[in-house]
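Data block below; observations after.
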Amino acid sequence: MSGRLCSIAVALVFAAMLVPARAATIEITMENLVISPAEVSAKVGDTVTWINKDVFAHTATANNGDFDVTLPPKKAATLVLKEAGTVDYYCRYHPNMKATLKVGP
Amino acid sequence: MFVRWSAAIAAAFLLSSPVLLQGARAANKLTDPQIAHIAYTAGVIDINAAKQAQKKAKNKDVKAFAEDMLRDHEAVNKQALALVKKLNVTPEDNDTSKALSKQASDKLAELDKLDGAAFDKAYVANEVAYHKAVNGALETQLIPSASNAELKSLLQTGLKIFQGHQQHAEHVAAELK
């Protein structure tokens with residue numbers, strides 16, 4: 001009886017540990033051909049919002065092919081992070097625009 | 001002797017450097033209305049080249065690149081027009097603009113004779129060279145000469161865009177090989 005209660009308690013504690021922290025939204029701006037912040041740390045489940053403040057179209061394109069987000073002039077777009085890892089990305093139209101996303105588990 | 005020597009230097013420049021830099025070097029002190037005219041002309045030239053490429057290019061990356069050039073250079077020139085209007089500046093034609101336009105129309109005619117993969121390759125190679133020349137002129141002449149802070153800032157944004165275009169063109173050129 002008490003052993004059973006104990007294992008339920010243990011299970012509850014584990015369950016609480018497994019529930020992920022509230023997912024955050026991270027904003028990254030593209031302005032005057034500069035991505036800032038150039039390096040961002042996030043977690044799986046977080047949402048990244050890129051805000052393009054330029055009158056030019058940009059993209060956020062992962063070097064490893066994980067994502068390719070198109071950002072029309074003066075528009076924003078979002079991406080929910082699904083995988084952990086460090087991803088370098090760039091703008092396909094202006095490859096001198098580069099940045100890094102560090103996604104933790 | 002001295003005259004002959006400087007003529008030789010001038011000839012060397014004529015042979016080796018793009019027309020843009022020669023023009024910019026010759027006119028030591030460019031005025032803001034002249035700078036605005038040169039920057040706008042440089043944009044129009046690349047827009048015309050992109051329009052030609054949209055008609056003639058075969059490769060899908062080359063077509064997409066031409067579309068990107070058209071979109072960006074039209075956006076830059078729209079900003080430039082808005083700025084000169086705001087500053088009440090009338091862009092002023094000058095020798096550099098004229099030389100640029102002449103060189104560009106010769107290039108258009110040259111590219112017009114090519115088709116298919118030969119056109120694609122020549123267009124992209126010229127885009128690399130052209131953006132390199134424009135970037136050099138922006139960095140060494142146009143930006144340092146600009147007096148108005150807003151004009152300078154627009155040219156600086158232009159430089160970043162054109163540097164991006166140069167890299168983009170280099171990627172496309174590498175893919176074509």
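Just so we're on the same page: first chain in the structure tokens is A, next is B, and so on; residues restart at 1 for each chain, and ligands are numbered from 1 in the order they show up.
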Residue contacts of segment 36-46 of chain A (8 Å, only C-alpha atoms) excluding same-chain residues fewer than 5 positions away, as a count of residues only
20
Restrict the distance test to only C-alpha atoms, flag each residue of chain B within 10 Å of chain A, and return the flagged residues as a list of chain:residue names.
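Matching residues, ligands excluded from the count: B:Ala64, B:Phe65, B:Asp68, B:Met69, B:Arg71, B:Asp72, B:His73, B:Glu74, B:Ala75, B:Val76, B:Lys78, B:Gln79, B:Ser153, B:Leu154, B:Gln156, B:Thr157, B:Gly158, B:Leu159, B:Lys160, B:Ile161, B:Phe162, B:Gln163, B:Gly164, B:His165, B:Gln166, B:Gln167, B:His168, B:Ala169, B:His171.
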Produce a file of the selected residues containing C-alpha atoms, as a PDB file, in the first residue's frame.
```
ATOM      1  CA  ALA B  64      15.115  33.434 -60.382  1.00  0.00           C
ATOM      2  CA  PHE B  65      18.242  35.540 -59.947  1.00  0.00           C
ATOM      3  CA  ASP B  68      15.514  39.021 -57.540  1.00  0.00           C
ATOM      4  CA  MET B  69      17.588  41.742 -59.237  1.00  0.00           C
ATOM      5  CA  ARG B  71      12.667  43.350 -57.440  1.00  0.00           C
ATOM      6  CA  ASP B  72      15.555  44.700 -55.338  1.00  0.00           C
ATOM      7  CA  HIS B  73      16.816  47.332 -57.748  1.00  0.00           C
ATOM      8  CA  GLU B  74      13.294  48.637 -58.336  1.00  0.00           C
ATOM      9  CA  ALA B  75      12.855  48.868 -54.556  1.00  0.00           C
ATOM     10  CA  VAL B  76      16.171  50.719 -54.127  1.00  0.00           C
ATOM     11  CA  LYS B  78      11.936  53.778 -55.530  1.00  0.00           C
ATOM     12  CA  GLN B  79      13.600  54.736 -52.250  1.00  0.00           C
ATOM     13  CA  SER B 153      22.821  56.126 -45.460  1.00  0.00           C
ATOM     14  CA  LEU B 154      20.817  55.027 -48.524  1.00  0.00           C
ATOM     15  CA  GLN B 156      25.344  52.344 -47.461  1.00  0.00           C
ATOM     16  CA  THR B 157      22.200  50.201 -47.531  1.00  0.00           C
ATOM     17  CA  GLY B 158      22.644  49.961 -51.296  1.00  0.00           C
ATOM     18  CA  LEU B 159      26.207  48.739 -50.801  1.00  0.00           C
ATOM     19  CA  LYS B 160      25.049  45.937 -48.489  1.00  0.00           C
ATOM     20  CA  ILE B 161      22.381  44.894 -50.969  1.00  0.00           C
ATOM     21  CA  PHE B 162      24.770  44.926 -53.908  1.00  0.00           C
ATOM     22  CA  GLN B 163      27.372  42.978 -51.932  1.00  0.00           C
ATOM     23  CA  GLY B 164      24.602  40.436 -51.309  1.00  0.00           C
ATOM     24  CA  HIS B 165      23.813  40.390 -55.023  1.00  0.00           C
ATOM     25  CA  GLN B 166      27.469  39.876 -55.870  1.00  0.00           C
ATOM     26  CA  GLN B 167      27.655  36.834 -53.570  1.00  0.00           C
ATOM     27  CA  HIS B 168      24.353  35.543 -54.913  1.00  0.00           C
ATOM     28  CA  ALA B 169      25.620  35.949 -58.488  1.00  0.00           C
ATOM     29  CA  HIS B 171      26.814  31.218 -56.172  1.00  0.00           C
TER      30      HIS B 171
END
```
Run DSSP on the backbone and grab whatever in chain A lands in alpha helix (DSSP H); send it over as a ChimeraX atom specification.
/A:2-18
Fewer than 5 positions away in the same chain doesn't count, so skip those; otherwise give me all residues within 10 Å of segment 174-177 of chain B, counting only C-alpha atoms, as an NGL selection string.
:B and (59 or 61-62 or 117 or 120-121 or 124-125 or 168-169)
Could you work out how far atom CA of Lys75 of chain A lies from atom CA of Lys53 of chain A, giving the answer in Å with one decimal?
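Atom-to-atom, atom CA of Lys53 of chain A to atom CA of Lys75 of chain A, that is 7.2 Å.
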